[in-house]
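Down below is the structure, laid out as structure tokens.
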Amino acid sequence: MKTIKNIAVLTSGGDAPGMNAAIRAVVRAGIYNGLHVFGVRRGYDGLVQGDIFAMDAKSVANIIQRGGTVLKTARSDEFRTYEGRKQAFENITRLHIDALVVIGGDGTFTGASKFIEEFDIPIIGIPGTIDNDLAGTDFTIGYDTAINTVVDAVDKIRDTAESHDRLFVVEVMGRDSGLIALRSGISTGAEAVLIPELQVDYDAIMKRLDKTRKNKSSRIIIVAEGDKEGGLVVAERIQENFPHYDVRLSILGHIQRGGKPTCMDRVLASRLGVASVEALIEGRRGEMAGLICGQVQFTPFSKAIKHIDKINENLTRIVEILSL
């Protein structure tokens with residue numbers, strides 16, 4: 001087993017609050033363990049282009065509280081080709097980089113798996129995605145911040161909905177996963193939550209709205225963007241069934257990706273950043289560091305990238321019970 005002396009860290013795919021905290025942890029844990037640490041700008045595209053630079057403790061000062069990623073992120077068409085990956089390998093070989101820490105989601109880990117297969121480079125992954133849709137960790141970095149952003153926004157929407165007796169359909173992020181919608185729906189007292197994992201029962205939703213229309217001065221419907229029809233169609237359907245309702249649509253969009261990471265995300269990122277460096281030193285590779293039941297665990301990339309399509313049925317039951 002080759003001794004690890006130099007490592008590089010990158011962020012790839014969609015950005016997530018807490019990525020900077022993870023970068024900081026990787027850099028400082030690396031220095032603490034006597035390693036030289038490099039940063040890669042713009043993810044795998046930076047590997048291909050050779051946009052790699054040395055980092056020290058000062059490089060990551062005053063970033064733990066910042067959203068986004070100081071290393072930037074991008075999707076790389078070139079890295080999807082063998083020629084692009086070969087160029088990336090030549091760039092890190094030239095700098096004597098022995099191993100990588102990659103922060104991102106399923107696309108990031110899929111690319112890492114291919115890189116390991118072809119060039120035998122040790123790589124450990126850190127789950128950074130607001131969707132919380134990776135196997136092998138209870139929570140991904142950015143998820144807690146994203147749902148708190150949604151809750152804050154919906155609380156504000158509820159204020160104006162109360163004032164005007166309105167029904168708001170709020171569309172949140174979640175192309176393949178409804179976890180943001182589900183947890184934020186419970187937290188904001190939503191009357192219904194629509195997610196891609198479950199078939200929408202419009203008859204049940206309409207009956208629920210009809211049953212409660214005299215008792216409530218405001219109503220909130222949370223819809224994940226990956227739902228079959230999306231927020232606009234849901235709003236139109238409700239308006240058709242209840243023409244007396246003042247129905248409005250609010251699409252929260254990319255505000256869910258930004259903002260200062262919560263304490264939970266900062267601590268999670270710090271723990272996984274340190275664990276990823278120690279894992280490389282121990283000889284691990286091709287695995288994602290995650291947190292399961294409060295303990296750091298490692299999951300092979302092949303298992304981590306399998307999308308979680310099972311939803312906790314107890315959470316959906318809670319939505320129905322509490323929407324009375």
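Residue names in the structure tokens use chain letters A, B, ... in the order shown, residue numbers from 1 in each chain, and ligand numbers from 1 in the order shown.
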Exercise: Ile180 (chain A) partners within 9 Å, only C-alpha atoms, chain neighbours under 5 positions left out, as a VMD selection string:
chain A and resid 130 to 132 143 to 144 146 to 147 150 172 to 174 185 224
Find the residues around Gly286 (chain A) up to 12 Å (only C-alpha atoms counted), leave out those fewer than 4 positions away in its own chain, and share them as a VMD selection string.
chain A and resid 99 to 102 108 to 117 120 to 126 276 279 to 280 298 to 305
Writing out the chosen residues with N, CA and C atoms as a short mmCIF file (atom, residue, chain, number, x, y, z; two decimals), in the first residue's frame:
```
data_model
loop_
_atom_site.label_atom_id
_atom_site.label_comp_id
_atom_site.auth_asym_id
_atom_site.auth_seq_id
_atom_site.Cartn_x
_atom_site.Cartn_y
_atom_site.Cartn_z
N ALA A 99 -4.00 10.91 -3.59
CA ALA A 99 -5.38 10.53 -3.30
C ALA A 99 -6.29 11.76 -3.38
N LEU A 100 -7.59 11.50 -3.48
CA LEU A 100 -8.58 12.57 -3.61
C LEU A 100 -9.67 12.43 -2.56
N VAL A 101 -10.20 13.58 -2.13
CA VAL A 101 -11.45 13.64 -1.39
C VAL A 101 -12.43 14.41 -2.26
N VAL A 102 -13.56 13.78 -2.60
CA VAL A 102 -14.54 14.42 -3.48
C VAL A 102 -15.83 14.65 -2.68
N THR A 108 -21.14 12.71 -8.63
CA THR A 108 -19.75 12.85 -8.17
C THR A 108 -19.13 11.50 -7.87
N PHE A 109 -19.88 10.65 -7.17
CA PHE A 109 -19.37 9.34 -6.78
C PHE A 109 -19.32 8.37 -7.96
N THR A 110 -20.22 8.54 -8.91
CA THR A 110 -20.17 7.72 -10.13
C THR A 110 -18.89 8.02 -10.90
N GLY A 111 -18.55 9.30 -11.03
CA GLY A 111 -17.30 9.69 -11.69
C GLY A 111 -16.08 9.20 -10.94
N ALA A 112 -16.14 9.26 -9.62
CA ALA A 112 -15.02 8.79 -8.79
C ALA A 112 -14.81 7.29 -8.97
N SER A 113 -15.90 6.54 -9.04
CA SER A 113 -15.79 5.09 -9.21
C SER A 113 -15.10 4.74 -10.52
N LYS A 114 -15.46 5.45 -11.57
CA LYS A 114 -14.84 5.22 -12.88
C LYS A 114 -13.36 5.57 -12.85
N PHE A 115 -13.02 6.65 -12.17
CA PHE A 115 -11.62 7.10 -12.07
C PHE A 115 -10.77 6.06 -11.34
N ILE A 116 -11.32 5.51 -10.27
CA ILE A 116 -10.60 4.47 -9.51
C ILE A 116 -10.39 3.23 -10.37
N GLU A 117 -11.44 2.84 -11.06
CA GLU A 117 -11.39 1.64 -11.90
C GLU A 117 -10.31 1.73 -12.97
N ASP A 120 -6.69 3.57 -10.67
CA ASP A 120 -6.28 3.06 -9.36
C ASP A 120 -5.86 4.17 -8.41
N ILE A 121 -6.64 5.26 -8.39
CA ILE A 121 -6.36 6.38 -7.49
C ILE A 121 -7.26 6.27 -6.26
N PRO A 122 -6.71 6.30 -5.05
CA PRO A 122 -7.55 6.24 -3.84
C PRO A 122 -8.46 7.48 -3.74
N ILE A 123 -9.75 7.25 -3.54
CA ILE A 123 -10.71 8.34 -3.41
C ILE A 123 -11.69 8.02 -2.30
N ILE A 124 -11.95 9.01 -1.45
CA ILE A 124 -13.01 8.92 -0.44
C ILE A 124 -14.01 10.04 -0.73
N GLY A 125 -15.29 9.73 -0.62
CA GLY A 125 -16.34 10.71 -0.89
C GLY A 125 -16.99 11.24 0.37
N ILE A 126 -17.44 12.49 0.28
CA ILE A 126 -18.22 13.11 1.35
C ILE A 126 -19.57 13.52 0.76
N SER A 276 -12.72 11.46 6.40
CA SER A 276 -12.28 11.12 5.04
C SER A 276 -10.76 11.12 4.92
N ALA A 279 -9.43 8.10 6.71
CA ALA A 279 -9.72 6.89 5.93
C ALA A 279 -8.68 6.68 4.84
N LEU A 280 -8.29 7.76 4.16
CA LEU A 280 -7.27 7.64 3.12
C LEU A 280 -5.94 7.18 3.72
N PHE A 298 -18.65 3.86 6.66
CA PHE A 298 -18.21 3.95 5.27
C PHE A 298 -19.02 3.01 4.39
N THR A 299 -19.46 3.54 3.25
CA THR A 299 -20.29 2.78 2.32
C THR A 299 -19.65 2.82 0.94
N PRO A 300 -19.50 1.67 0.27
CA PRO A 300 -18.96 1.67 -1.09
C PRO A 300 -19.76 2.58 -2.01
N PHE A 301 -19.07 3.26 -2.93
CA PHE A 301 -19.76 4.16 -3.86
C PHE A 301 -20.91 3.46 -4.57
N SER A 302 -20.71 2.20 -4.94
CA SER A 302 -21.73 1.46 -5.69
C SER A 302 -23.05 1.36 -4.94
N LYS A 303 -22.98 1.33 -3.61
CA LYS A 303 -24.20 1.26 -2.80
C LYS A 303 -24.71 2.65 -2.43
N ALA A 304 -23.80 3.58 -2.23
CA ALA A 304 -24.20 4.93 -1.81
C ALA A 304 -25.01 5.65 -2.88
N ILE A 305 -24.67 5.40 -4.16
CA ILE A 305 -25.32 6.15 -5.25
C ILE A 305 -26.68 5.59 -5.63
#
```
From the DSSP assignment of the backbone, select every residue of region 33-226 of chain A that is strand (DSSP E or B), and format the answer as a PyMOL selection string.
chain A and resi 36-40+52-55+99-104+123-128+141+166-172+192-194+219-224
As a check of understanding: the span from CA of Met19 (chain A) to CA of Gly128 (chain A) is 6.5 Å
Give me, as a CSV table (one decimal) with all heavy atoms, in the first residue's frame, all polymer residues having an atom no more than 12 Å from region 205-209 of chain A, counting only C-alpha atoms and skipping those fewer than 4 positions away in the same chain.
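So around_28.csv came out as:
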```
chain,number,residue,atom,x,y,z
A,167,LEU,N,-54.9,30.1,-0.3
A,167,LEU,CA,-54.2,28.8,-0.3
A,167,LEU,C,-53.0,28.9,-1.2
A,167,LEU,O,-53.1,29.4,-2.3
A,167,LEU,CB,-55.2,27.8,-0.9
A,167,LEU,CG,-54.7,26.3,-0.9
A,167,LEU,CD1,-55.9,25.3,-0.9
A,167,LEU,CD2,-53.8,26.0,-2.1
A,190,ALA,N,-48.3,21.8,6.9
A,190,ALA,CA,-48.9,21.8,5.5
A,190,ALA,C,-50.2,20.9,5.5
A,190,ALA,O,-50.2,19.9,6.2
A,190,ALA,CB,-47.9,21.3,4.5
A,191,GLU,N,-51.1,21.2,4.7
A,191,GLU,CA,-52.4,20.4,4.6
A,191,GLU,C,-52.1,19.2,3.7
A,191,GLU,O,-52.8,18.2,3.9
A,191,GLU,CB,-53.5,21.3,4.0
A,191,GLU,CG,-54.3,22.1,4.9
A,191,GLU,CD,-53.4,23.2,5.6
A,191,GLU,OE1,-52.5,23.8,4.9
A,191,GLU,OE2,-53.6,23.4,6.8
A,192,ALA,N,-51.1,19.2,2.9
A,192,ALA,CA,-50.8,18.1,2.0
A,192,ALA,C,-49.4,18.3,1.5
A,192,ALA,O,-48.9,19.4,1.4
A,192,ALA,CB,-51.8,18.0,0.9
A,193,VAL,N,-48.7,17.1,1.3
A,193,VAL,CA,-47.3,17.1,0.7
A,193,VAL,C,-47.3,16.1,-0.4
A,193,VAL,O,-47.7,15.0,-0.3
A,193,VAL,CB,-46.3,16.7,1.8
A,193,VAL,CG1,-44.9,16.6,1.2
A,193,VAL,CG2,-46.3,17.6,3.0
A,194,LEU,N,-46.9,16.6,-1.6
A,194,LEU,CA,-46.8,15.8,-2.8
A,194,LEU,C,-45.4,15.6,-3.2
A,194,LEU,O,-44.6,16.5,-3.3
A,194,LEU,CB,-47.5,16.5,-4.0
A,194,LEU,CG,-49.1,16.5,-4.0
A,194,LEU,CD1,-49.7,17.2,-2.8
A,194,LEU,CD2,-49.6,17.1,-5.2
A,200,VAL,N,-50.0,10.4,-6.3
A,200,VAL,CA,-50.8,11.5,-5.7
A,200,VAL,C,-52.3,11.1,-5.7
A,200,VAL,O,-52.8,10.7,-6.8
A,200,VAL,CB,-50.7,12.8,-6.5
A,200,VAL,CG1,-51.6,13.9,-5.9
A,200,VAL,CG2,-49.2,13.3,-6.4
A,201,ASP,N,-52.9,11.1,-4.6
A,201,ASP,CA,-54.4,10.8,-4.5
A,201,ASP,C,-55.1,12.2,-4.4
A,201,ASP,O,-55.4,12.7,-3.3
A,201,ASP,CB,-54.7,10.0,-3.2
A,201,ASP,CG,-56.1,9.5,-3.2
A,201,ASP,OD1,-56.9,10.1,-3.9
A,201,ASP,OD2,-56.4,8.6,-2.3
A,213,ARG,N,-62.2,23.6,4.9
A,213,ARG,CA,-62.2,25.0,4.3
A,213,ARG,C,-62.9,26.0,5.2
A,213,ARG,O,-62.6,27.2,5.2
A,213,ARG,CB,-62.9,25.0,3.0
A,213,ARG,CG,-64.4,24.6,3.0
A,213,ARG,CD,-64.9,24.6,1.6
A,213,ARG,NE,-66.3,24.2,1.6
A,213,ARG,CZ,-67.1,24.2,0.5
A,213,ARG,NH1,-66.6,24.6,-0.7
A,213,ARG,NH2,-68.4,23.8,0.5
A,214,LYS,N,-63.8,25.6,6.1
A,214,LYS,CA,-64.5,26.5,7.0
A,214,LYS,C,-63.7,26.8,8.3
A,214,LYS,O,-64.0,27.7,9.0
A,214,LYS,CB,-65.9,26.0,7.3
A,214,LYS,CG,-66.8,25.9,6.1
A,214,LYS,CD,-68.2,25.4,6.5
A,214,LYS,CE,-69.1,25.2,5.3
A,214,LYS,NZ,-70.4,24.7,5.7
A,215,ASN,N,-62.8,25.9,8.6
A,215,ASN,CA,-62.1,26.0,9.8
A,215,ASN,C,-60.7,26.7,9.7
A,215,ASN,O,-60.1,27.0,10.8
A,215,ASN,CB,-61.8,24.6,10.4
A,215,ASN,CG,-63.1,23.8,10.5
A,215,ASN,OD1,-64.1,24.4,10.9
A,215,ASN,ND2,-63.1,22.5,10.3
A,216,LYS,N,-60.2,27.0,8.5
A,216,LYS,CA,-58.9,27.5,8.4
A,216,LYS,C,-58.9,28.8,7.5
A,216,LYS,O,-59.6,28.8,6.5
A,216,LYS,CB,-57.9,26.5,7.8
A,216,LYS,CG,-57.7,25.3,8.7
A,216,LYS,CD,-56.7,24.3,8.1
A,216,LYS,CE,-56.4,23.2,9.0
A,216,LYS,NZ,-55.4,22.3,8.5
A,217,SER,N,-58.1,29.7,7.9
A,217,SER,CA,-58.0,31.0,7.1
A,217,SER,C,-56.8,30.9,6.2
A,217,SER,O,-56.7,31.8,5.3
A,217,SER,CB,-57.9,32.2,8.0
A,217,SER,OG,-56.8,32.1,8.9
A,218,SER,N,-56.0,29.9,6.3
A,218,SER,CA,-54.9,29.7,5.4
A,218,SER,C,-54.6,28.3,5.2
A,218,SER,O,-54.8,27.4,6.1
A,218,SER,CB,-53.6,30.4,5.9
A,218,SER,OG,-53.1,29.8,7.0
A,219,ARG,N,-54.1,27.9,4.0
A,219,ARG,CA,-53.7,26.5,3.7
A,219,ARG,C,-52.4,26.5,2.9
A,219,ARG,O,-52.2,27.3,2.0
A,219,ARG,CB,-54.9,25.9,2.9
A,219,ARG,CG,-56.2,25.8,3.7
A,219,ARG,CD,-57.4,25.6,2.8
A,219,ARG,NE,-58.6,25.7,3.5
A,219,ARG,CZ,-59.2,26.9,3.8
A,219,ARG,NH1,-58.6,28.0,3.4
A,219,ARG,NH2,-60.3,26.9,4.5
A,220,ILE,N,-51.6,25.5,3.2
A,220,ILE,CA,-50.3,25.3,2.5
A,220,ILE,C,-50.3,23.9,1.9
A,220,ILE,O,-50.5,22.9,2.6
A,220,ILE,CB,-49.2,25.6,3.5
A,220,ILE,CG1,-49.2,27.0,4.1
A,220,ILE,CG2,-47.8,25.3,2.7
A,220,ILE,CD1,-48.9,28.1,3.1
A,221,ILE,N,-49.9,23.8,0.7
A,221,ILE,CA,-49.7,22.6,0.0
A,221,ILE,C,-48.2,22.6,-0.4
A,221,ILE,O,-47.8,23.5,-1.2
A,221,ILE,CB,-50.6,22.3,-1.3
A,221,ILE,CG1,-52.0,22.6,-0.9
A,221,ILE,CG2,-50.3,21.0,-1.9
A,221,ILE,CD1,-52.6,21.5,0.0
A,222,ILE,N,-47.4,21.6,0.0
A,222,ILE,CA,-46.0,21.5,-0.4
A,222,ILE,C,-45.8,20.5,-1.5
A,222,ILE,O,-46.3,19.4,-1.4
A,222,ILE,CB,-45.1,21.1,0.8
A,222,ILE,CG1,-45.3,22.1,2.0
A,222,ILE,CG2,-43.6,21.1,0.4
A,222,ILE,CD1,-44.7,23.4,1.8
A,234,VAL,N,-50.7,21.5,-10.0
A,234,VAL,CA,-51.4,21.2,-8.7
A,234,VAL,C,-52.3,22.5,-8.3
A,234,VAL,O,-53.5,22.3,-8.0
A,234,VAL,CB,-50.4,20.9,-7.6
A,234,VAL,CG1,-51.2,20.9,-6.2
A,234,VAL,CG2,-49.7,19.6,-7.8
A,235,ALA,N,-51.7,23.6,-8.5
A,235,ALA,CA,-52.5,24.9,-8.2
A,235,ALA,C,-53.7,25.0,-9.1
A,235,ALA,O,-54.8,25.4,-8.6
A,235,ALA,CB,-51.5,26.1,-8.3
A,237,ARG,N,-55.3,22.6,-10.6
A,237,ARG,CA,-56.4,21.6,-10.2
A,237,ARG,C,-57.2,22.0,-9.0
A,237,ARG,O,-58.4,21.9,-9.0
A,237,ARG,CB,-55.7,20.3,-9.9
A,237,ARG,CG,-55.3,19.5,-11.1
A,237,ARG,CD,-55.1,18.0,-10.8
A,237,ARG,NE,-54.7,17.2,-11.9
A,237,ARG,CZ,-55.0,15.9,-11.9
A,237,ARG,NH1,-55.6,15.3,-10.9
A,237,ARG,NH2,-54.6,15.2,-13.0
A,238,ILE,N,-56.5,22.6,-8.0
A,238,ILE,CA,-57.2,23.0,-6.8
A,238,ILE,C,-58.1,24.2,-7.2
A,238,ILE,O,-59.3,24.2,-6.7
A,238,ILE,CB,-56.2,23.4,-5.7
A,238,ILE,CG1,-55.4,22.2,-5.2
A,238,ILE,CG2,-56.9,24.1,-4.6
A,238,ILE,CD1,-54.3,22.5,-4.3
A,239,GLN,N,-57.7,25.1,-8.0
A,239,GLN,CA,-58.5,26.3,-8.3
A,239,GLN,C,-59.7,25.8,-9.1
A,239,GLN,O,-60.8,26.4,-8.9
A,239,GLN,CB,-57.7,27.2,-9.2
A,239,GLN,CG,-58.4,28.6,-9.5
A,239,GLN,CD,-58.5,29.4,-8.2
A,239,GLN,OE1,-57.5,30.1,-7.8
A,239,GLN,NE2,-59.6,29.4,-7.5
A,240,GLU,N,-59.6,24.8,-10.0
A,240,GLU,CA,-60.7,24.3,-10.7
A,240,GLU,C,-61.8,23.6,-9.8
A,240,GLU,O,-63.0,23.8,-9.9
A,240,GLU,CB,-60.3,23.2,-11.7
A,240,GLU,CG,-59.5,23.8,-12.9
A,240,GLU,CD,-58.9,22.7,-13.8
A,240,GLU,OE1,-59.2,21.5,-13.5
A,240,GLU,OE2,-58.2,23.0,-14.7
A,241,ASN,N,-61.3,22.9,-8.7
A,241,ASN,CA,-62.2,22.2,-7.8
A,241,ASN,C,-62.8,23.2,-6.8
A,241,ASN,O,-63.9,23.0,-6.3
A,241,ASN,CB,-61.4,21.1,-7.1
A,241,ASN,CG,-61.3,19.9,-7.9
A,241,ASN,OD1,-62.2,19.0,-7.8
A,241,ASN,ND2,-60.3,19.8,-8.7
A,242,PHE,N,-62.0,24.3,-6.5
A,242,PHE,CA,-62.5,25.2,-5.5
A,242,PHE,C,-62.3,26.6,-6.0
A,242,PHE,O,-61.4,27.4,-5.6
A,242,PHE,CB,-61.7,25.1,-4.2
A,242,PHE,CG,-61.8,23.7,-3.5
A,242,PHE,CD1,-60.8,22.8,-3.7
A,242,PHE,CD2,-62.9,23.4,-2.8
A,242,PHE,CE1,-60.9,21.5,-3.1
A,242,PHE,CE2,-63.0,22.1,-2.2
A,242,PHE,CZ,-62.0,21.2,-2.4
A,245,TYR,N,-61.7,29.6,-3.8
A,245,TYR,CA,-60.4,29.8,-3.1
A,245,TYR,C,-59.5,30.8,-3.9
A,245,TYR,O,-59.6,30.9,-5.1
A,245,TYR,CB,-59.6,28.5,-3.0
A,245,TYR,CG,-59.9,27.5,-1.9
A,245,TYR,CD1,-59.4,26.3,-1.8
A,245,TYR,CD2,-60.8,27.9,-0.9
A,245,TYR,CE1,-59.7,25.4,-0.8
A,245,TYR,CE2,-61.1,27.0,0.1
A,245,TYR,CZ,-60.6,25.8,0.2
A,245,TYR,OH,-60.9,24.9,1.2
A,319,VAL,N,-48.3,13.7,8.4
A,319,VAL,CA,-48.9,14.8,7.6
A,319,VAL,C,-50.4,14.7,7.6
A,319,VAL,O,-51.1,15.7,7.8
A,319,VAL,CB,-48.3,14.8,6.2
A,319,VAL,CG1,-49.1,15.8,5.3
A,319,VAL,CG2,-46.8,15.1,6.2
A,320,GLU,N,-50.9,13.5,7.3
A,320,GLU,CA,-52.4,13.4,7.3
A,320,GLU,C,-53.1,13.6,8.6
A,320,GLU,O,-54.1,14.3,8.7
A,320,GLU,CB,-52.7,12.0,6.8
A,320,GLU,CG,-54.2,11.7,6.6
A,320,GLU,CD,-54.5,10.4,5.9
A,320,GLU,OE1,-53.5,9.7,5.5
A,320,GLU,OE2,-55.7,10.0,5.8
A,321,ILE,N,-52.5,13.0,9.7
A,321,ILE,CA,-53.1,13.2,11.0
A,321,ILE,C,-53.1,14.7,11.4
A,321,ILE,O,-54.1,15.1,11.9
A,321,ILE,CB,-52.3,12.4,12.0
A,321,ILE,CG1,-52.5,10.9,11.8
A,321,ILE,CG2,-52.7,12.7,13.5
A,321,ILE,CD1,-51.6,10.0,12.6
A,322,LEU,N,-52.1,15.4,11.2
A,322,LEU,CA,-51.9,16.7,11.7
A,322,LEU,C,-52.5,17.8,10.8
A,322,LEU,O,-52.5,19.0,11.1
A,322,LEU,CB,-50.5,17.1,12.0
A,322,LEU,CG,-49.7,16.2,13.0
A,322,LEU,CD1,-48.3,16.6,13.2
A,322,LEU,CD2,-50.5,16.1,14.3
A,323,SER,N,-53.1,17.4,9.6
A,323,SER,CA,-53.6,18.4,8.7
A,323,SER,C,-55.1,18.7,9.0
A,323,SER,O,-55.7,19.4,8.2
A,323,SER,CB,-53.5,17.9,7.3
A,323,SER,OG,-54.2,16.7,7.1
A,324,LEU,N,-55.7,18.1,10.0
A,324,LEU,CA,-57.1,18.3,10.4
A,324,LEU,C,-57.4,19.8,10.6
A,324,LEU,O,-56.5,20.5,11.2
A,324,LEU,CB,-57.5,17.4,11.6
A,324,LEU,CG,-57.4,15.9,11.4
A,324,LEU,CD1,-57.7,15.2,12.7
A,324,LEU,CD2,-58.3,15.5,10.3
```
Would you kindly return, as a ChimeraX atom specification, each protein, DNA or RNA residue with an atom no farther than 10 Å from any atom of region 250-253 of chain A, considering only C-alpha atoms and excluding same-chain residues fewer than 2 positions away?
/A:149-150,153-154,157,168-173,222-225,231-232,235,248,255-257
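Among the candidates A:Gly294, A:Gly142, A:Ile97, A:Thr81, the residue lying nearest to Gly258 (chain A) is A:Gly142 (atoms considered: only C-alpha atoms).
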Residues within 9 Å of Asp265 (chain A), only C-alpha atoms, excluding chain neighbours under 2 positions, as a PyMOL selection string
chain A and resi 17-19+21+139-145+261-263+267-270
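Taking only C-alpha atoms into account, Gly178 (chain A) lies nearest to A:Asp227 out of the set A:Asp106, A:Glu278, A:Asp227, A:Asp159.
In this model, the gap between CA of Arg183 (chain A) and CA of Leu315 (chain A) comes to 7.8 Å.
Rounded to one decimal, CA of Val151 (chain A) and CA of Asn312 (chain A) lie 19.7 Å from each other.
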Identify, on the basis of only C-alpha atoms, every residue whose closest approach to Ala57 (chain A) does not exceed 8 Å; exclude the query and any residue fewer than 4 positions from it along the same chain; express the result as JSON, numbers by chain.
{"A": [27, 28, 31, 61]}
Put those residues in a file: N, CA, C and O atoms, as a PDB file, in the first residue's frame.
```
ATOM      1  N   VAL A  27      -8.792  20.067   4.675  1.00  0.00           N
ATOM      2  CA  VAL A  27      -7.500  20.756   4.605  1.00  0.00           C
ATOM      3  C   VAL A  27      -6.796  20.711   5.957  1.00  0.00           C
ATOM      4  O   VAL A  27      -5.614  20.338   6.055  1.00  0.00           O
ATOM      5  N   ARG A  28      -7.508  21.041   7.006  1.00  0.00           N
ATOM      6  CA  ARG A  28      -6.856  21.115   8.315  1.00  0.00           C
ATOM      7  C   ARG A  28      -6.547  19.734   8.889  1.00  0.00           C
ATOM      8  O   ARG A  28      -5.529  19.546   9.560  1.00  0.00           O
ATOM      9  N   ILE A  31      -3.370  18.657   7.064  1.00  0.00           N
ATOM     10  CA  ILE A  31      -2.178  19.311   7.616  1.00  0.00           C
ATOM     11  C   ILE A  31      -1.840  18.740   8.988  1.00  0.00           C
ATOM     12  O   ILE A  31      -0.671  18.478   9.303  1.00  0.00           O
ATOM     13  N   ALA A  61      -9.467  29.731   6.257  1.00  0.00           N
ATOM     14  CA  ALA A  61      -9.874  30.566   7.390  1.00  0.00           C
ATOM     15  C   ALA A  61     -11.158  31.311   7.055  1.00  0.00           C
ATOM     16  O   ALA A  61     -11.362  31.762   5.921  1.00  0.00           O
TER      17      ALA A  61
END
```
Per DSSP on the backbone, what are the alpha helix (DSSP H) residues of region 195-303 of chain A, as a PyMOL selection string?
chain A and resi 202-212+230-241+263-282+301-303
Residues as selected, C-alpha atoms, written as a short mmCIF file (atom, residue, chain, number, x, y, z; two decimals), in the first residue's frame, can you do that?
```cif
data_model
loop_
_atom_site.label_atom_id
_atom_site.label_comp_id
_atom_site.auth_asym_id
_atom_site.auth_seq_id
_atom_site.Cartn_x
_atom_site.Cartn_y
_atom_site.Cartn_z
CA TYR A 202 -56.08 14.00 -5.66
CA ASP A 203 -59.52 12.85 -4.51
CA ALA A 204 -58.21 12.52 -0.93
CA ILE A 205 -56.55 15.95 -1.09
CA MET A 206 -59.71 17.60 -2.42
CA LYS A 207 -61.83 15.95 0.28
CA ARG A 208 -59.39 17.11 2.94
CA LEU A 209 -59.45 20.67 1.65
CA ASP A 210 -63.25 20.65 1.45
CA LYS A 211 -63.54 19.29 4.98
CA THR A 212 -61.30 21.96 6.48
CA GLY A 230 -45.42 20.00 -10.42
CA GLY A 231 -46.65 23.00 -8.50
CA LEU A 232 -48.36 24.83 -11.38
CA VAL A 233 -50.62 21.94 -12.34
CA VAL A 234 -51.45 21.24 -8.69
CA ALA A 235 -52.45 24.88 -8.18
CA GLU A 236 -54.61 24.81 -11.31
CA ARG A 237 -56.36 21.61 -10.22
CA ILE A 238 -57.18 23.02 -6.82
CA GLN A 239 -58.48 26.25 -8.35
CA GLU A 240 -60.75 24.26 -10.70
CA ASN A 241 -62.19 22.25 -7.81
CA CYS A 263 -24.90 24.14 13.19
CA MET A 264 -25.92 20.59 12.31
CA ASP A 265 -24.49 20.88 8.80
CA ARG A 266 -21.26 22.48 10.05
CA VAL A 267 -20.68 19.72 12.59
CA LEU A 268 -21.62 16.97 10.12
CA ALA A 269 -19.26 18.41 7.49
CA SER A 270 -16.44 18.73 10.02
CA ARG A 271 -16.81 15.15 11.24
CA LEU A 272 -16.93 13.68 7.75
CA GLY A 273 -14.06 15.85 6.52
CA VAL A 274 -11.76 14.61 9.26
CA ALA A 275 -12.96 11.02 8.79
CA SER A 276 -12.28 11.12 5.04
CA VAL A 277 -8.64 12.13 5.55
CA GLU A 278 -8.10 9.48 8.21
CA ALA A 279 -9.72 6.89 5.93
CA LEU A 280 -7.27 7.64 3.12
CA ILE A 281 -4.34 7.35 5.53
CA GLU A 282 -5.70 3.98 6.69
CA PHE A 301 -19.76 4.16 -3.86
CA SER A 302 -21.73 1.46 -5.69
CA LYS A 303 -24.20 1.26 -2.80
#
```
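Each of A:Ala88, A:Leu182, A:Cys293, A:Ile7 was compared to Thr316 (chain A) using only C-alpha atoms, and A:Leu182 turns out to be the nearest.
By only C-alpha atoms, and with residues fewer than 3 positions from region 3-6 of chain A along its chain excluded, the set lying at most 6 Å from it is Leu35, His36, Val37, Ile97 and Asp98 of chain A.
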